[in-house]
Amino acid sequence: IVFSGRLLRLAIDRSAQRGGELSEREVVLHPGAAAILPVLPDGRILLVQQDRPAVGERLWEIPAGKLEPGESPDNCARRELREETGHDADDWRKLCAIYTTPGFSDEHITIYLARHLRPVSQRDTAEIAAVAAVAPEEIEQRIAAGAIVDAKTIVAALWYLRRFG
């Protein structure tokens, strides 16, 4: 470990490649995350808009957040849905799990489908710029047009549309 911050750690990985040569790689270590594709009773999907300083843009995404120490992805998903949208869901199921960028990071996100949403609290307005309810076909159009570029959101939306849409 060559760096340890509030969110991430950076390690230097030294390992042998298939040919026997030693390789040195920088690896970003992430605590893991959960993401939620929240579906309202009328079928629209909630998206949140967040400032993403790493890419210098405000992006539309599904709600998500990092795991707290000792927290399960299930609990993280429920917490993040409440914090980011002010909703909870009566029907939860795991859609899939992905490595976001395995070329340099071990970040692993478990993606859930949350249906039968109901408002339960105020959302966190400091982190989330806006929340929008979007028809599934519009999300697919936004992906095709390059207006949604967040990988977890694209994976979750396309997985949902192919399986349930």
# chains A, B, ... in the order shown; residues from 1 in each chain; ligands from 1

call {"tool": "closest_atom_pairs", "arguments": {"of": "segment 83-130 of chain A", "to": "segment 145-162 of chain A", "cutoff": "12 Å", "atoms": "only C-alpha atoms", "output": "Markdown table"}}
result
| residue | atom | partner | partner_atom | distance |
| --- | --- | --- | --- | --- |
| A:Arg93 | CA | A:Tyr160 | CA | 11.4 |
| A:Lys94 | CA | A:Ala156 | CA | 10.5 |
| A:Leu95 | CA | A:Ala156 | CA | 7.4 |
| A:Cys96 | CA | A:Ala156 | CA | 8.0 |
| A:Ala97 | CA | A:Lys152 | CA | 9.5 |
| A:Ile98 | CA | A:Lys152 | CA | 8.0 |
| A:Tyr99 | CA | A:Lys152 | CA | 9.5 |
| A:Thr100 | CA | A:Ala151 | CA | 7.3 |
| A:Thr101 | CA | A:Ala151 | CA | 9.6 |
| A:Glu107 | CA | A:Lys152 | CA | 11.5 |
| A:His108 | CA | A:Lys152 | CA | 10.5 |
| A:Ile109 | CA | A:Lys152 | CA | 8.0 |
| A:Thr110 | CA | A:Lys152 | CA | 9.5 |
| A:Ile111 | CA | A:Ala156 | CA | 6.8 |
| A:Tyr112 | CA | A:Ala156 | CA | 8.2 |
| A:Leu113 | CA | A:Tyr160 | CA | 8.0 |
| A:Ala114 | CA | A:Tyr160 | CA | 11.0 |
| A:Arg115 | CA | A:Tyr160 | CA | 11.7 |

call {"tool": "residues_around", "arguments": {"residues": "Arg52 of chain A", "least_positions_apart": "4", "cutoff": "12 Å", "atoms": "only C-alpha atoms", "output": "ChimeraX atom specification"}}
result
/A:56-61,127-129,149-150

call {"tool": "write_last_selection", "arguments": {"atoms": "all heavy atoms", "output": "mmCIF file, in the first residue's frame"}}
result
data_model
loop_
_atom_site.group_PDB
_atom_site.id
_atom_site.type_symbol
_atom_site.label_atom_id
_atom_site.label_comp_id
_atom_site.auth_asym_id
_atom_site.auth_seq_id
_atom_site.Cartn_x
_atom_site.Cartn_y
_atom_site.Cartn_z
ATOM 1 N N GLY A 56 -15.249 15.835 -14.397
ATOM 2 C CA GLY A 56 -15.615 17.223 -14.649
ATOM 3 C C GLY A 56 -16.996 17.406 -15.229
ATOM 4 O O GLY A 56 -17.239 18.339 -15.996
ATOM 5 N N GLU A 57 -17.931 16.517 -14.854
ATOM 6 C CA GLU A 57 -19.286 16.588 -15.397
ATOM 7 C C GLU A 57 -20.321 16.304 -14.319
ATOM 8 O O GLU A 57 -20.012 15.702 -13.296
ATOM 9 C CB GLU A 57 -19.461 15.558 -16.520
ATOM 10 C CG GLU A 57 -18.647 15.833 -17.760
ATOM 11 C CD GLU A 57 -18.953 14.828 -18.866
ATOM 12 O OE1 GLU A 57 -20.140 14.523 -19.077
ATOM 13 O OE2 GLU A 57 -17.997 14.352 -19.489
ATOM 14 N N ARG A 58 -21.545 16.702 -14.590
ATOM 15 C CA ARG A 58 -22.711 16.316 -13.796
ATOM 16 C C ARG A 58 -23.387 15.190 -14.576
ATOM 17 O O ARG A 58 -23.806 15.395 -15.713
ATOM 18 C CB ARG A 58 -23.640 17.510 -13.610
ATOM 19 C CG ARG A 58 -24.836 17.214 -12.730
ATOM 20 C CD ARG A 58 -25.631 18.452 -12.456
ATOM 21 N NE ARG A 58 -24.971 19.205 -11.387
ATOM 22 C CZ ARG A 58 -25.431 20.338 -10.884
ATOM 23 N NH1 ARG A 58 -26.537 20.874 -11.359
ATOM 24 N NH2 ARG A 58 -24.796 20.944 -9.904
ATOM 25 N N LEU A 59 -23.492 14.010 -13.962
ATOM 26 C CA LEU A 59 -23.984 12.819 -14.660
ATOM 27 C C LEU A 59 -25.325 12.345 -14.106
ATOM 28 O O LEU A 59 -25.589 12.454 -12.908
ATOM 29 C CB LEU A 59 -22.980 11.669 -14.520
ATOM 30 C CG LEU A 59 -21.563 11.898 -15.036
ATOM 31 C CD1 LEU A 59 -20.722 10.657 -14.811
ATOM 32 C CD2 LEU A 59 -21.575 12.299 -16.495
ATOM 33 N N TRP A 60 -26.132 11.768 -15.005
ATOM 34 C CA TRP A 60 -27.350 11.060 -14.610
ATOM 35 C C TRP A 60 -26.971 9.606 -14.382
ATOM 36 O O TRP A 60 -26.337 8.980 -15.230
ATOM 37 C CB TRP A 60 -28.423 11.168 -15.687
ATOM 38 C CG TRP A 60 -29.085 12.509 -15.696
ATOM 39 C CD1 TRP A 60 -28.856 13.547 -16.562
ATOM 40 C CD2 TRP A 60 -30.082 12.966 -14.786
ATOM 41 N NE1 TRP A 60 -29.644 14.626 -16.246
ATOM 42 C CE2 TRP A 60 -30.418 14.293 -15.149
ATOM 43 C CE3 TRP A 60 -30.734 12.400 -13.692
ATOM 44 C CZ2 TRP A 60 -31.368 15.046 -14.470
ATOM 45 C CZ3 TRP A 60 -31.679 13.155 -13.006
ATOM 46 C CH2 TRP A 60 -31.994 14.454 -13.404
ATOM 47 N N GLU A 61 -27.361 9.082 -13.226
ATOM 48 C CA GLU A 61 -26.982 7.731 -12.822
ATOM 49 C C GLU A 61 -28.102 7.087 -12.019
ATOM 50 O O GLU A 61 -29.002 7.772 -11.545
ATOM 51 C CB GLU A 61 -25.754 7.774 -11.899
ATOM 52 C CG GLU A 61 -24.588 8.555 -12.390
ATOM 53 C CD GLU A 61 -23.475 8.654 -11.346
ATOM 54 O OE1 GLU A 61 -23.564 7.995 -10.284
ATOM 55 O OE2 GLU A 61 -22.524 9.406 -11.591
ATOM 56 N N GLU A 127 -25.599 16.019 -1.772
ATOM 57 C CA GLU A 127 -24.875 15.152 -2.711
ATOM 58 C C GLU A 127 -25.576 15.054 -4.061
ATOM 59 O O GLU A 127 -24.933 14.981 -5.104
ATOM 60 C CB GLU A 127 -24.738 13.760 -2.095
ATOM 61 C CG GLU A 127 -23.985 12.778 -2.944
ATOM 62 C CD GLU A 127 -23.911 11.387 -2.327
ATOM 63 O OE1 GLU A 127 -24.415 11.173 -1.207
ATOM 64 O OE2 GLU A 127 -23.346 10.502 -2.997
ATOM 65 N N ILE A 128 -26.888 15.032 -4.059
ATOM 66 C CA ILE A 128 -27.672 14.787 -5.268
ATOM 67 C C ILE A 128 -28.247 16.101 -5.783
ATOM 68 O O ILE A 128 -28.983 16.787 -5.080
ATOM 69 C CB ILE A 128 -28.812 13.787 -4.980
ATOM 70 C CG1 ILE A 128 -28.254 12.473 -4.426
ATOM 71 C CG2 ILE A 128 -29.649 13.547 -6.224
ATOM 72 C CD1 ILE A 128 -27.275 11.769 -5.341
ATOM 73 N N ALA A 129 -27.924 16.450 -7.030
ATOM 74 C CA ALA A 129 -28.407 17.701 -7.620
ATOM 75 C C ALA A 129 -29.882 17.616 -8.002
ATOM 76 O O ALA A 129 -30.618 18.590 -7.865
ATOM 77 C CB ALA A 129 -27.568 18.055 -8.847
ATOM 78 N N VAL A 149 -23.718 8.068 -19.569
ATOM 79 C CA VAL A 149 -22.405 7.472 -19.855
ATOM 80 C C VAL A 149 -21.834 6.708 -18.663
ATOM 81 O O VAL A 149 -20.729 6.165 -18.758
ATOM 82 C CB VAL A 149 -21.392 8.547 -20.323
ATOM 83 C CG1 VAL A 149 -21.813 9.128 -21.664
ATOM 84 C CG2 VAL A 149 -21.231 9.644 -19.287
ATOM 85 N N ASP A 150 -22.555 6.660 -17.565
ATOM 86 C CA ASP A 150 -22.104 5.950 -16.375
ATOM 87 C C ASP A 150 -22.270 4.449 -16.581
ATOM 88 O O ASP A 150 -23.361 3.967 -16.890
ATOM 89 C CB ASP A 150 -22.928 6.424 -15.169
ATOM 90 C CG ASP A 150 -22.626 5.631 -13.932
ATOM 91 O OD1 ASP A 150 -21.475 5.700 -13.450
ATOM 92 O OD2 ASP A 150 -23.532 4.920 -13.454
#

call {"tool": "residues_around", "arguments": {"residues": "Ile1 of chain A", "least_positions_apart": "4", "cutoff": "10 Å", "atoms": "only C-alpha atoms", "output": "PyMOL selection string"}}
result
chain A and resi 9-13+26-29

call {"tool": "closest_residue", "arguments": {"among": "A:Leu40, A:Asp124, A:Glu21, A:Ile45", "to": "Asp88 of chain A", "atoms": "only C-alpha atoms"}}
result
A:Leu40

call {"tool": "closest_residue", "arguments": {"among": "A:Gly70, A:Pro63, A:Gly103, A:Gly20", "to": "Ala130 of chain A", "atoms": "only C-alpha atoms"}}
result
A:Pro63

call {"tool": "closest_residue", "arguments": {"among": "A:Val131, A:Ile139, A:Ala35, A:Ile62", "to": "Gly86 of chain A", "atoms": "only C-alpha atoms"}}
result
A:Val131

call {"tool": "select_by_dssp", "arguments": {"residues": "chain A", "states": "helix (DSSP H, G or I)", "output": "number ranges by chain"}}
result
A: 73-85, 136-145, 151-164

call {"tool": "write_last_selection", "arguments": {"atoms": "C-alpha atoms", "output": "CSV table (one decimal), in the first residue's frame"}}
result
chain,number,residue,atom,x,y,z
A,73,PRO,CA,-24.3,-4.8,-0.2
A,74,ASP,CA,-28.0,-5.4,0.6
A,75,ASN,CA,-27.9,-3.0,3.5
A,76,CYS,CA,-25.8,-0.5,1.5
A,77,ALA,CA,-28.4,-0.6,-1.3
A,78,ARG,CA,-31.3,0.1,1.0
A,79,ARG,CA,-29.4,3.0,2.7
A,80,GLU,CA,-28.3,4.6,-0.5
A,81,LEU,CA,-31.8,4.4,-2.1
A,82,ARG,CA,-33.2,6.3,1.0
A,83,GLU,CA,-30.4,8.8,1.1
A,84,GLU,CA,-30.3,9.6,-2.6
A,85,THR,CA,-34.0,9.4,-3.5
A,136,PRO,CA,-37.4,2.9,-19.6
A,137,GLU,CA,-37.5,3.5,-23.3
A,138,GLU,CA,-36.2,7.0,-22.7
A,139,ILE,CA,-33.3,5.7,-20.7
A,140,GLU,CA,-32.3,3.4,-23.6
A,141,GLN,CA,-32.6,6.5,-26.0
A,142,ARG,CA,-30.4,8.5,-23.6
A,143,ILE,CA,-27.8,5.7,-23.6
A,144,ALA,CA,-27.8,5.5,-27.4
A,145,ALA,CA,-27.4,9.3,-27.6
A,151,ALA,CA,-21.2,2.3,-16.7
A,152,LYS,CA,-23.2,0.9,-13.8
A,153,THR,CA,-26.3,2.7,-15.0
A,154,ILE,CA,-25.9,1.4,-18.5
A,155,VAL,CA,-25.4,-2.2,-17.3
A,156,ALA,CA,-28.3,-2.0,-14.9
A,157,ALA,CA,-30.7,-0.4,-17.4
A,158,LEU,CA,-29.9,-2.7,-20.3
A,159,TRP,CA,-30.0,-5.8,-18.0
A,160,TYR,CA,-33.4,-4.7,-16.8
A,161,LEU,CA,-34.8,-3.8,-20.2
A,162,ARG,CA,-33.7,-7.2,-21.7
A,163,ARG,CA,-34.9,-9.2,-18.8
A,164,PHE,CA,-38.0,-7.3,-17.6

call {"tool": "select_by_dssp", "arguments": {"residues": "chain A", "states": "strand (DSSP E)", "output": "ChimeraX atom specification"}}
result
/A:3-4,9-16,22-29,33-39,45-52,57-61,64-66,87-99,108-119,130-134

call {"tool": "closest_residue", "arguments": {"among": "A:Leu67, A:Val39, A:Val48, A:Ala54", "to": "Thr125 of chain A", "atoms": "only C-alpha atoms"}}
result
A:Val48

call {"tool": "atom_distance", "arguments": {"atom1": "atom CA of Ala33 of chain A", "atom2": "atom CA of Gly65 of chain A"}}
result
5.5 Å

call {"tool": "atom_distance", "arguments": {"atom1": "atom CA of Lys66 of chain A", "atom2": "atom CA of Asp106 of chain A"}}
result
12.8 Å
